[in-house]
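Novice: Please find one structure pasted underneath; my questions will follow.
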Amino acid sequence: MRPVYENNRAYNVLVRYVRWSFRRMFHSVSYIGLDNIPSDSAVIFSPNHVNTLLDALAILSAQKTPVVFAARADLFKKPALARALNFLKIMPIYRIRDGADSLSGNDATFQTAVQTLKSGLPFCIFPEGRHSQEPGLLPLRKGIARIALKAAEDVDKPVVIVPVGLVYEDYTDFRTNLKINIGEPMPVWTPEDDDLQETDEESGERKHSRKLLQKLTEKMQALITRHRRDKFARDTRLVKILRLPIVPFAGLLLLPGIGVFNIFKNKIADKAFLNSIRYVACYLINPIIWLLLGLIALILLLCIPGGLPLWLRIVLPFVPLILSPFAPEVWYGAIRQKRR
């Protein structure tokens with residue numbers, strides 16, 4: 001497989017659609033503190049983890065460049081899935097629950113993370129190690145500190161950790177609101193850390209790691225709580241009225257995606273995955289289904305004699321494909337407003 005941080009034209013095309021569709025699945029996405037992402041440093045993003053795949057897409061949507069992510073290593077056991085994740089710029093990181101012997105695999109992971117930062121791409125790791133929708137943060141794992149310290153030694157420009165607080169209005173419904181609160185960059189090494197350069201190098205690294213994690217925990221906790229009680233955006237009365245006539249058509253366009261979602265909905269015990277599955281079904285699988293239906297309709301229209309002009313025969317089958325990415329915001333927007 002090619003290096004996860006290597007430039008990929010197909011990825012560059014796909015990521016534009018992913019960023020666009022991610023923003024459309026929310027009523028509003030507020031980016032607070034984008035100026036805190038430095039352009040002259042190697043950036044390690046450190047967000048809280050509450051909404052599975054959508055958390056990664058939130059970070060990706062805040063960036064103009066690709067972002068390399070770390071994900072749990074058990075996802076990479078199947079070769080086909082491992083190749084797909086590598087294409088999506090996701091690499092494995094091993095946890096103690098994967099077995100003590102597997103932790104040695106993180107040596108290669110940490111080195112890849114450093115190479116990612118050297119290449120100029122940001123690296124993102126969820127330092128809690130798993131997702132949780134409970135208030136506050138889970139204890140941060142040591143992985144982010146180890147990667148940051150190694151990068152500070154090997155990368156020829158300043159390395160910073162950028163804490164991010166993801167605040168969702170709702171974890172399971174579409175067309176709600178999201179605030180992405182980006183904190184001030186935290187230097188991995190400062191002059192005050194010089195006293196950690198002890199004779200015992202390992203002891204100094206442990207102290208520095210603990211200090212980083214303590215500061216990072218405080219900053220992330222502040223970012224999460226700062227906007228939790230803010231008022232979220234709502235549709236105006238005019239928007240609701242204008243949307244009503246096209247809601248049934250949007251529902252029709254969304255039928256394949258809703259069907260795929262319902263197949264998996266009742267099989268998922270962890271409700272944190274619901275919106276991620278809904279996103280994949282509505283914005284990725286649904287357009288593919290309409291593309292296939294459009295190709296079948298095109299063949300039939302070209303083969304069956306009729307009075308339609310040739311250009312209309314070619315265009316008509318793909319109108320649902322073009323409109324299907326807009327259907328979720330209309331349909332789920334109307335459903336969401338009805339529930340309130």
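In the structure tokens, chains take letters A, B, ... by order of appearance, with residues numbered from 1 within each chain and ligands from 1 in the order shown.
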Can you pull out the residues contacting Arg237 of chain A? Cut-off 12 Å, using only C-alpha atoms, and skip same-chain residues under 4 positions away; I want them as a VMD selection string.

Specialist: chain A and resid 241 to 244 334 337

Novice: For the strand (DSSP E or B) assignment from backbone DSSP, which residues of segment 44-275 of chain A qualify? Please present them as a PyMOL selection string.

Specialist: chain A and resi 44-47+68-72+90-93+123-124+159-168+177-182+186-187

Novice: Which residues are close to Glu128 of chain A, i.e. within 9 Å by only C-alpha atoms, leaving aside same-chain residues fewer than 5 positions away? Reply as a list of chain:residue names.

Specialist: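 My reading of the contact set: A:Pro47, A:Asn48, A:His49, A:Leu137, A:Leu138, A:Pro139, A:Leu140, A:Arg141.
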
Novice: Could you write out, as a ChimeraX atom specification, all the residues of segment 73-303 of chain A that DSSP marks as helix (DSSP H, G or I)?

Specialist: /A:73-76,79-87,96-98,100-119,143-154,191-196,201-226,237-265,271-303

Novice: How would the residues just chosen look if you wrote them out with C-alpha atoms as a short mmCIF file (atom, residue, chain, number, x, y, z; two decimals), in the first residue's frame?

Specialist:
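Once written, out04.cif looks like this:
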data_model
loop_
_atom_site.label_atom_id
_atom_site.label_comp_id
_atom_site.auth_asym_id
_atom_site.auth_seq_id
_atom_site.Cartn_x
_atom_site.Cartn_y
_atom_site.Cartn_z
CA ALA A 73 -6.32 -1.25 14.84
CA ASP A 74 -9.00 -3.97 14.83
CA LEU A 75 -10.66 -2.21 11.87
CA PHE A 76 -7.64 -3.13 9.75
CA PRO A 79 -7.12 -6.60 3.90
CA ALA A 80 -9.82 -5.04 1.71
CA LEU A 81 -11.01 -2.76 4.51
CA ALA A 82 -7.40 -1.93 5.41
CA ARG A 83 -6.76 -0.76 1.83
CA ALA A 84 -9.93 1.34 1.86
CA LEU A 85 -8.97 2.97 5.15
CA ASN A 86 -5.46 3.63 3.86
CA PHE A 87 -6.98 5.36 0.82
CA ILE A 96 -4.05 -2.38 25.33
CA ARG A 97 -7.42 -4.06 24.71
CA ASP A 98 -5.96 -5.33 21.40
CA ALA A 100 -0.18 -6.36 25.07
CA ASP A 101 1.81 -7.98 22.26
CA SER A 102 0.11 -5.80 19.66
CA LEU A 103 1.39 -2.57 21.23
CA SER A 104 4.73 -3.05 19.54
CA GLY A 105 2.92 -2.26 16.28
CA ASN A 106 2.61 1.33 17.47
CA ASP A 107 6.31 1.89 16.78
CA ALA A 108 5.51 1.87 13.06
CA THR A 109 2.35 3.90 13.67
CA PHE A 110 4.22 6.62 15.54
CA GLN A 111 6.86 6.76 12.82
CA THR A 112 4.14 7.12 10.16
CA ALA A 113 2.58 9.92 12.20
CA VAL A 114 5.93 11.73 12.27
CA GLN A 115 6.35 11.25 8.50
CA THR A 116 2.84 12.67 8.04
CA LEU A 117 3.82 15.82 9.92
CA LYS A 118 7.06 16.05 7.94
CA SER A 119 5.06 15.86 4.71
CA GLY A 143 -0.37 7.93 22.63
CA ILE A 144 -0.81 11.57 21.67
CA ALA A 145 1.98 12.68 24.02
CA ARG A 146 4.37 10.01 22.69
CA ILE A 147 3.69 10.99 19.10
CA ALA A 148 4.04 14.69 19.88
CA LEU A 149 7.36 14.25 21.71
CA LYS A 150 8.79 12.06 18.96
CA ALA A 151 7.68 14.55 16.32
CA ALA A 152 9.27 17.43 18.27
CA GLU A 153 12.59 15.61 18.00
CA ASP A 154 12.37 14.66 14.31
CA PRO A 191 11.66 26.85 27.40
CA GLU A 192 10.01 25.94 30.71
CA ASP A 193 10.42 22.27 29.77
CA ASP A 194 14.20 22.47 29.76
CA ASP A 195 14.32 21.30 33.39
CA LEU A 196 12.87 17.98 32.20
CA GLU A 201 16.12 10.39 29.68
CA GLU A 202 13.20 7.98 30.17
CA SER A 203 12.19 9.66 33.44
CA GLY A 204 12.26 13.09 31.78
CA GLU A 205 10.05 11.85 28.95
CA ARG A 206 7.50 10.44 31.37
CA LYS A 207 7.31 13.72 33.27
CA HIS A 208 6.97 15.71 30.07
CA SER A 209 4.27 13.33 28.83
CA ARG A 210 2.27 13.71 32.06
CA LYS A 211 2.63 17.49 31.89
CA LEU A 212 1.38 17.57 28.28
CA LEU A 213 -1.62 15.38 29.05
CA GLN A 214 -2.56 17.45 32.09
CA LYS A 215 -2.45 20.73 30.14
CA LEU A 216 -4.29 19.18 27.21
CA THR A 217 -7.04 17.80 29.44
CA GLU A 218 -7.65 21.24 30.94
CA LYS A 219 -7.78 22.94 27.55
CA MET A 220 -10.08 20.33 25.97
CA GLN A 221 -12.46 20.35 28.92
CA ALA A 222 -12.77 24.13 28.68
CA LEU A 223 -13.52 23.95 24.95
CA ILE A 224 -16.25 21.35 25.44
CA THR A 225 -18.09 23.20 28.20
CA ARG A 226 -17.70 26.72 26.81
CA ARG A 237 -40.90 30.38 9.39
CA LEU A 238 -40.32 31.37 5.75
CA VAL A 239 -37.85 28.52 5.22
CA LYS A 240 -40.33 26.03 6.67
CA ILE A 241 -43.10 27.25 4.33
CA LEU A 242 -40.91 27.20 1.21
CA ARG A 243 -39.66 23.71 2.00
CA LEU A 244 -43.09 22.07 2.42
CA PRO A 245 -43.94 21.47 -1.28
CA ILE A 246 -40.69 19.61 -1.98
CA VAL A 247 -40.60 17.45 1.17
CA PRO A 248 -42.50 14.51 -0.45
CA PHE A 249 -40.19 14.55 -3.49
CA ALA A 250 -37.14 14.63 -1.19
CA GLY A 251 -38.52 11.65 0.72
CA LEU A 252 -38.94 9.74 -2.55
CA LEU A 253 -35.35 10.47 -3.57
CA LEU A 254 -34.17 9.38 -0.15
CA LEU A 255 -36.01 6.05 -0.09
CA PRO A 256 -32.97 3.91 -1.03
CA GLY A 257 -30.82 5.60 1.64
CA ILE A 258 -33.54 5.26 4.28
CA GLY A 259 -33.89 1.59 3.37
CA VAL A 260 -30.16 0.97 3.81
CA PHE A 261 -30.20 2.85 7.12
CA ASN A 262 -33.16 0.84 8.45
CA ILE A 263 -31.42 -2.43 7.58
CA PHE A 264 -28.60 -1.62 9.97
CA LYS A 265 -30.43 0.57 12.49
CA LYS A 271 -26.52 4.51 19.29
CA ALA A 272 -23.48 6.75 18.78
CA PHE A 273 -23.07 5.06 15.38
CA LEU A 274 -26.58 5.94 14.13
CA ASN A 275 -25.76 9.29 12.55
CA SER A 276 -22.56 7.94 11.01
CA ILE A 277 -24.53 5.11 9.36
CA ARG A 278 -27.22 7.57 8.27
CA TYR A 279 -24.57 9.82 6.72
CA VAL A 280 -22.99 6.94 4.76
CA ALA A 281 -26.40 5.66 3.64
CA CYS A 282 -27.80 9.04 2.58
CA TYR A 283 -24.77 10.78 1.12
CA LEU A 284 -22.58 7.95 -0.17
CA ILE A 285 -24.72 4.85 -0.85
CA ASN A 286 -27.90 6.68 -1.90
CA PRO A 287 -26.24 8.57 -4.83
CA ILE A 288 -24.57 5.33 -5.98
CA ILE A 289 -27.97 3.59 -6.08
CA TRP A 290 -29.43 6.46 -8.12
CA LEU A 291 -26.43 6.32 -10.45
CA LEU A 292 -27.08 2.63 -11.13
CA LEU A 293 -30.80 3.26 -11.62
CA GLY A 294 -29.94 6.13 -13.95
CA LEU A 295 -27.69 3.91 -16.06
CA ILE A 296 -30.47 1.30 -16.36
CA ALA A 297 -33.01 4.00 -17.31
CA LEU A 298 -30.56 5.44 -19.86
CA ILE A 299 -30.16 2.06 -21.56
CA LEU A 300 -33.94 1.62 -21.70
CA LEU A 301 -34.55 5.12 -23.07
CA LEU A 302 -31.91 4.66 -25.77
CA CYS A 303 -33.21 1.25 -26.77
#

Novice: Could you state the separation of atom CA of Trp20 of chain A and atom CA of Ser61 of chain A in Å, given to one decimal place?

Specialist: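 Interatomic distance, atom CA of Trp20 of chain A to atom CA of Ser61 of chain A: 8.0 Å.
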
Novice: Between A:Pro122, A:Pro92, A:Gly33, A:Gly333, which one has atoms that come closest to Val67 of chain A, using only C-alpha atoms?

Specialist: A:Pro122

Novice: Give me, please, the distance in Å between atom CA of Val50 of chain A and atom CA of Gly165 of chain A, quoted to one decimal.

Specialist: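 Rounded to one decimal, the two atoms are 10.1 Å apart.
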
Novice: So, counting only C-alpha atoms, which residue among A:Ser21, A:Asn266, A:Gln133, A:Asn177 is closest to Thr52 of chain A?

Specialist: A:Gln133

Novice: So how many Å separate atom CA of Asp156 of chain A and atom CA of Thr65 of chain A, to one decimal?

Specialist: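 The value is 19.9 Å.
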
Novice: Given only C-alpha atoms as the basis, pick out the residue of A:Phe69, A:Phe22, A:Phe123, A:Tyr5 nearest to Val43 of chain A.

Specialist: A:Phe123

Novice: Determine, counting only C-alpha atoms, which protein, DNA and RNA residues have an atom within 8 Å of an atom of Pro66 of chain A; residues of the same chain fewer than 3 positions away are not included. Present the result as an MDAnalysis selection string.

Specialist: chainID A and resid 12 15 60 63 121:122

Novice: Select, from A:Lys77, A:Arg24, A:Lys64, A:Lys89, the residue with the minimum atom-to-atom distance to Ala10 of chain A, counting only C-alpha atoms.

Specialist: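 Ranking A:Lys77, A:Arg24, A:Lys64, A:Lys89 by distance to Ala10 of chain A, first place goes to A:Lys89.
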